[in-house]
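Before any comments, here is the structure.
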Amino acid sequence: MQKLYTLAQLTQGLDVTIRGDANCLIEGVCTIQDSKSGYITFLMNPLYKKYLATTNASAVILSADEGEECKTNAILCRDPYYIYSQIALFFDNRPTAAIGIHPSAVIGQQCEIDSSASVGANCVIQDNVKIKAGAIIGAGCVIGESCEIDEQTRLDANVTLYHHIKLGKRVIIASGTVIGSDGFGIAKHKGVWHKVPQLGSVIIEDDVEIGANCTLDRGAIGNTLIAQGVKLDNLIQVGHNVRIGKNTAIAGCVGISGSATIGDNCLVGGQSGFAGHITVADNVVITGGTEVSKSIHEPGVYSSGLGGLVTNMEWRKNSARFLRLEKLMQRVKVLEQALETLIESKTT
Amino acid sequence: MQKLYTLAQLTQGLDVTIRGDANCLIEGVCTIQDSKSGYITFLMNPLYKKYLATTNASAVILSADEGEECKTNAILCRDPYYIYSQIALFFDNRPTAAIGIHPSAVIGQQCEIDSSASVGANCVIQDNVKIKAGAIIGAGCVIGESCEIDEQTRLDANVTLYHHIKLGKRVIIASGTVIGSDGFGIAKHKGVWHKVPQLGSVIIEDDVEIGANCTLDRGAIGNTLIAQGVKLDNLIQVGHNVRIGKNTAIAGCVGISGSATIGDNCLVGGQSGFAGHITVADNVVITGGTEVSKSIHEPGVYSSGLGGLVTNMEWRKNSARFLRLEKLMQRVKVLEQALETLIESKTT
Amino acid sequence: MQKLYTLAQLTQGLDVTIRGDANCLIEGVCTIQDSKSGYITFLMNPLYKKYLATTNASAVILSADEGEECKTNAILCRDPYYIYSQIALFFDNRPTAAIGIHPSAVIGQQCEIDSSASVGANCVIQDNVKIKAGAIIGAGCVIGESCEIDEQTRLDANVTLYHHIKLGKRVIIASGTVIGSDGFGIAKHKGVWHKVPQLGSVIIEDDVEIGANCTLDRGAIGNTLIAQGVKLDNLIQVGHNVRIGKNTAIAGCVGISGSATIGDNCLVGGQSGFAGHITVADNVVITGGTEVSKSIHEPGVYSSGLGGLVTNMEWRKNSARFLRLEKLMQRVKVLEQALETLIESKTT
């Protein structure tokens, strides 16, 4: 049975003002456009403001300056999405992990696994692994030799860590992600590629979250580093020796080539790509689909290519037009010369 | 030993006309360009029509209007590729799954697993999971709490379902795919990202096929929805709250940002990307590599960028030319004024 | 304790000249910019040449013509990165796999597993699989029916092979990679997609290396082929019937559509995409992010689109400017006609 909470209970300790009935009972969260009585919602994206007048939600979390237009109970605050994130925790239905080591898990020698940690069914923990208090290793994970997993860190099912990987505290890694695979180091000699041993590791600092089916390669010599508070979405490739700075957030399907360095507090849109050996400053925003082909030294918003979604017919025209650009330049040059001749002939 | 079938047996119940020997024995399928006697092939892609005259296949499936040019037995029909798909089933060598639960599988409490279902070796089935008749769970899969897997659905090896995921009938999910991971919901507060709980789920309707190593995130509040008959290729990212309409087919490496809605019967080329919160109408075709940066309200074929594969030298010239475009515009303006002056001086 | 080697020991059998102290003891490798005494480094990328004068490394591997500028012991050679790759092997800390079959592994019927091979914990080996001498199957791998894995081949943890896949000698496959999933073959009939059975397989020749979370689909009729010495980075999609020629190297996040053929000795940059049914010649270089939309018949370097990383503001201007290009062309036409009229009126 769903537990109910009053608005007062849900917002205890949060920096908000309740306007309306603080004892209103809430049984869950809803979106503003698909709302019902007994539920709480939030308004952050201006696209959805139009639903504010008609929402059936029993309460709306929103910024104070939009409060006037809210016809129901309002949770006024400076940061509605953050406040929502804290309230939504009351309704989280994620199953809790059983403490202890599942009997089907295979545990190597000289491991140190805290008694408050959870190791799921069919996990394989290789030798010399350390798993600290409250850490959760999902079913089917494989943890390589000499890995260290710090307190309260959670690996979902079927995550793979290679050997000697270090994860900080409260790290979350979604299913299918692989950490510590060999970097793409190959040396051509007499027409054939030779593998370059990848001797570094991967360091994941505290409070990092990594999505599903990502790949993070181990360093070639030093380490690949994901700094504190970094958030990675799904299907992201992180090459060897890459360094991602604190609190940078990267959307899905991004590829980061080896030895690239990305600063703190950056935002990277989906399907962007970073060339190798470049450096991106702090506080840089990269829009989706951008090829970051060179270093960026100043904060700002950056893009590449042309963009512009058009019909395929228009797109074909654009391409044709572009190819005629050189001809156009020549025609302008001819015009300029003709005009000059004409003016000269007139003035002489 | 390979079983043999006559053309009559292979086409029983299909809407085709056999021209030639209906008793011709067929032992397998081949391509039209790499063909041999005793095998059947098909012609659909016009690129391969040139091989029709010289193919060694014992029979060719093709459309009636191309039948004249076929020198061997012909299966005439309206839809050669579909007819091929039905005939090829006779030669499928996919191993059959053993009915029942493999003794190495770990089964949670209060699961309902139909006796005709197959649960592979080293699977982990968490509590309260329902698996219906004829469903196949490949080796190494992890099925989260309270998932429901309907009749005849097949999960290949090492698929991961998070909790509360619902799969319809006859769904196929290839290896490495992750369904129900948390959406990329993060809220910045005082310079630090906070995780936004992802409380929705993923609903996969009947007859959906999903390729390998895809990621489909659970909804933030409502559900992510993959409607009936959708076909997804490999390495596709589906963000939280996304809805993909009936019978839409999406090629590999596509990224769909959160809360995007894609209509019915769409076709999406590989490596395309969809911005968040946009809506794409029914019957839209997106060519490969397109960034769908805004909503599309009308059926049609859409593209973005410039395209145009050229030599790198030409590409560098193009970029330089493009950067001179503003200068060119200024030169044309100068020309226009000079000409105007000239004409005025002439007429006065 | 770290083992120490003299420069003479490290370079035994390699085609190099030691300049300085051949008995200098080395305990590990370092980068040229982050170096310390007792370690050896290399110089290949000209970007890092500036560190040569100040490096603390006890020895530097570099080409003979740069040797003059090296202030410490130098390993002079023609191919510094290759020489480094051989020396680095001395310091590889990858754990060695235990020979034999882990008791938790599930082995099918009629398998032939060489006694010198290693099968990791919780592996699932289906029926009729052959695993040759010295092969290593990492923990959690699932190997489908009738696969053949040749000598010295290594699968890291959680790799999935479907049925009937053949891997050559000394192949390396990183974690999470899926080989032999069904190709994206669907046929529309009466408005609904039908699955086309994928009856071919995947052949991986000797000395191929494949990164993490890649997907390689089985052929529709014939086989998908990865030829000898090919190197694939992470998160690469290889469609059905694709053929990749010898010693071709492909960076991460590349998508190759079905039935594309790529030649020998090609280099492909990250996030590139290949259209289906095209052919790329030998010795072709594709720069990162390129859409290879048509066949390439000549060796050379190829690119697509416009590139050009700029600020988002500049990018918006570029797009606007581009859309005014047609107007500009019309204005030039008007100018040309006006000028012609003027010249005619002057000469008559």
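Chains: A, B, ... in order of the structure tokens. Residues: from 1 per chain. Ligands: from 1, in order shown.
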
- Query: Could you write out as a VMD selection string the residues of chain B within 8 Å of chain A, counting only C-alpha atoms?
  - Reply: chain B and resid 106 122 124 140 142 145 158 160 163 176 to 178 181 to 182 184 187 to 189 191 to 199 213 to 215 221 to 222 235 237 255 257 273 287 290 to 294 300 to 308 321 328 331 to 332 335 338 to 339 342

Show which residues sit within 6 Å of B:Phe42, as a PDB file with N, CA, C and O atoms, in the first residue's frame. Count only C-alpha atoms, and ignore same-chain residues fewer than 3 positions away.
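Written file, around.pdb:
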ATOM      1  N   VAL B  60      14.900 -18.043 -57.663  1.00  0.00           N
ATOM      2  CA  VAL B  60      15.011 -16.642 -57.262  1.00  0.00           C
ATOM      3  C   VAL B  60      13.625 -16.124 -56.876  1.00  0.00           C
ATOM      4  O   VAL B  60      12.661 -16.313 -57.619  1.00  0.00           O
ATOM      5  N   ILE B  61      13.539 -15.493 -55.716  1.00  0.00           N
ATOM      6  CA  ILE B  61      12.302 -14.833 -55.303  1.00  0.00           C
ATOM      7  C   ILE B  61      12.379 -13.404 -55.820  1.00  0.00           C
ATOM      8  O   ILE B  61      13.319 -12.676 -55.491  1.00  0.00           O
ATOM      9  N   LEU B  62      11.408 -12.986 -56.613  1.00  0.00           N
ATOM     10  CA  LEU B  62      11.477 -11.617 -57.142  1.00  0.00           C
ATOM     11  C   LEU B  62      10.104 -11.127 -57.568  1.00  0.00           C
ATOM     12  O   LEU B  62       9.146 -11.896 -57.573  1.00  0.00           O
TER      13      LEU B  62
END

- Do you know which residues are at most 7 Å from stretch 279-284 of chain C counting only C-alpha atoms, after dropping those on the same chain fewer than 6 positions away, and could you put them as an MDAnalysis selection string? chainID C and resid 260:267 295:301

- Query: Which neighbours of stretch 4-17 of chain B fall inside 7 Å, counting only C-alpha atoms, when residues of the same chain fewer than 2 positions from it are skipped, and could you give them as a VMD selection string?
  - Reply: chain B and resid 2 19 22 to 27 75 to 77 87

Write the residues you've just listed into a file as a compact mmCIF listing (two decimals), in the first residue's frame, and include all heavy atoms for each of them.
# COMPACT_ATOMS: atom_id res chain seq x y z
N GLN B 2 21.62 -31.58 -43.67
CA GLN B 2 20.72 -30.51 -44.08
C GLN B 2 19.44 -31.12 -44.67
O GLN B 2 19.49 -31.98 -45.54
CB GLN B 2 21.41 -29.65 -45.14
CG GLN B 2 20.60 -28.44 -45.58
CD GLN B 2 20.34 -27.49 -44.44
OE1 GLN B 2 21.25 -26.93 -43.84
NE2 GLN B 2 19.06 -27.28 -44.11
N ARG B 19 7.20 -20.11 -60.99
CA ARG B 19 7.40 -20.30 -62.43
C ARG B 19 8.59 -21.22 -62.58
O ARG B 19 9.69 -20.91 -62.09
CB ARG B 19 7.69 -18.95 -63.08
CG ARG B 19 7.22 -18.89 -64.53
CD ARG B 19 7.91 -17.77 -65.27
NE ARG B 19 9.35 -17.90 -65.14
CZ ARG B 19 10.21 -16.90 -65.33
NH1 ARG B 19 9.76 -15.69 -65.62
NH2 ARG B 19 11.50 -17.08 -65.20
N ALA B 22 8.24 -26.66 -59.52
CA ALA B 22 7.80 -26.54 -58.11
C ALA B 22 8.38 -27.65 -57.26
O ALA B 22 8.38 -27.55 -56.02
CB ALA B 22 6.28 -26.55 -58.04
N ASN B 23 8.90 -28.71 -57.86
CA ASN B 23 9.47 -29.81 -57.09
C ASN B 23 10.99 -29.71 -56.94
O ASN B 23 11.63 -30.58 -56.37
CB ASN B 23 9.12 -31.15 -57.74
CG ASN B 23 7.64 -31.41 -57.62
OD1 ASN B 23 7.05 -31.17 -56.56
ND2 ASN B 23 7.03 -31.86 -58.71
N CYS B 24 11.54 -28.65 -57.46
CA CYS B 24 12.98 -28.40 -57.33
C CYS B 24 13.36 -28.43 -55.85
O CYS B 24 12.72 -27.78 -55.02
CB CYS B 24 13.30 -27.03 -57.94
SG CYS B 24 14.95 -26.45 -57.60
N LEU B 25 14.41 -29.19 -55.52
CA LEU B 25 14.80 -29.33 -54.11
C LEU B 25 15.80 -28.24 -53.69
O LEU B 25 16.78 -27.98 -54.38
CB LEU B 25 15.43 -30.71 -53.88
CG LEU B 25 14.40 -31.85 -53.80
CD1 LEU B 25 15.11 -33.20 -53.86
CD2 LEU B 25 13.56 -31.73 -52.53
N ILE B 26 15.52 -27.66 -52.55
CA ILE B 26 16.33 -26.54 -52.05
C ILE B 26 16.95 -26.94 -50.71
O ILE B 26 16.27 -27.47 -49.84
CB ILE B 26 15.45 -25.29 -51.85
CG1 ILE B 26 14.81 -24.85 -53.17
CG2 ILE B 26 16.24 -24.14 -51.21
CD1 ILE B 26 15.79 -24.41 -54.23
N GLU B 27 18.26 -26.68 -50.56
CA GLU B 27 18.91 -27.05 -49.30
C GLU B 27 19.36 -25.85 -48.47
O GLU B 27 19.88 -26.02 -47.37
CB GLU B 27 20.09 -27.98 -49.56
CG GLU B 27 21.17 -27.39 -50.46
CD GLU B 27 22.35 -28.34 -50.65
OE1 GLU B 27 23.02 -28.62 -49.65
OE2 GLU B 27 22.58 -28.79 -51.78
N ILE B 75 10.17 -17.46 -58.03
CA ILE B 75 9.03 -17.31 -57.12
C ILE B 75 8.56 -15.88 -57.32
O ILE B 75 9.18 -14.93 -56.82
CB ILE B 75 9.46 -17.51 -55.65
CG1 ILE B 75 10.23 -18.82 -55.47
CG2 ILE B 75 8.26 -17.41 -54.72
CD1 ILE B 75 9.42 -20.06 -55.67
N LEU B 76 7.49 -15.71 -58.06
CA LEU B 76 7.00 -14.36 -58.36
C LEU B 76 6.06 -13.90 -57.26
O LEU B 76 5.16 -14.64 -56.84
CB LEU B 76 6.29 -14.36 -59.72
CG LEU B 76 7.13 -14.90 -60.89
CD1 LEU B 76 6.29 -14.99 -62.16
CD2 LEU B 76 8.34 -14.01 -61.11
N CYS B 77 6.24 -12.66 -56.82
CA CYS B 77 5.41 -12.18 -55.72
C CYS B 77 5.49 -10.66 -55.66
O CYS B 77 6.26 -10.04 -56.39
CB CYS B 77 5.89 -12.76 -54.39
SG CYS B 77 7.62 -12.37 -54.05
N ILE B 87 10.53 -17.91 -46.13
CA ILE B 87 11.20 -19.12 -46.63
C ILE B 87 12.47 -19.39 -45.85
O ILE B 87 12.81 -20.54 -45.53
CB ILE B 87 11.48 -18.96 -48.15
CG1 ILE B 87 10.15 -19.04 -48.92
CG2 ILE B 87 12.48 -20.01 -48.64
CD1 ILE B 87 10.26 -18.78 -50.41

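Separating atom CA of C:Ile137 from atom CA of B:Ile236 is a distance of 27.3 Å.
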
- Would you return as a ChimeraX atom specification the members of stretch 154-248 of chain A that DSSP assigns to strand (DSSP E or B) on this structure's backbone? /A:154-155,160-161,166-167,172-173,178-181,186-189,192-195,202-204,209-210,215-217,224-226,231-232,237-238,243-244

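Between atom CA of C:His164 and atom CA of C:Cys111 there is a distance of 12.9 Å.
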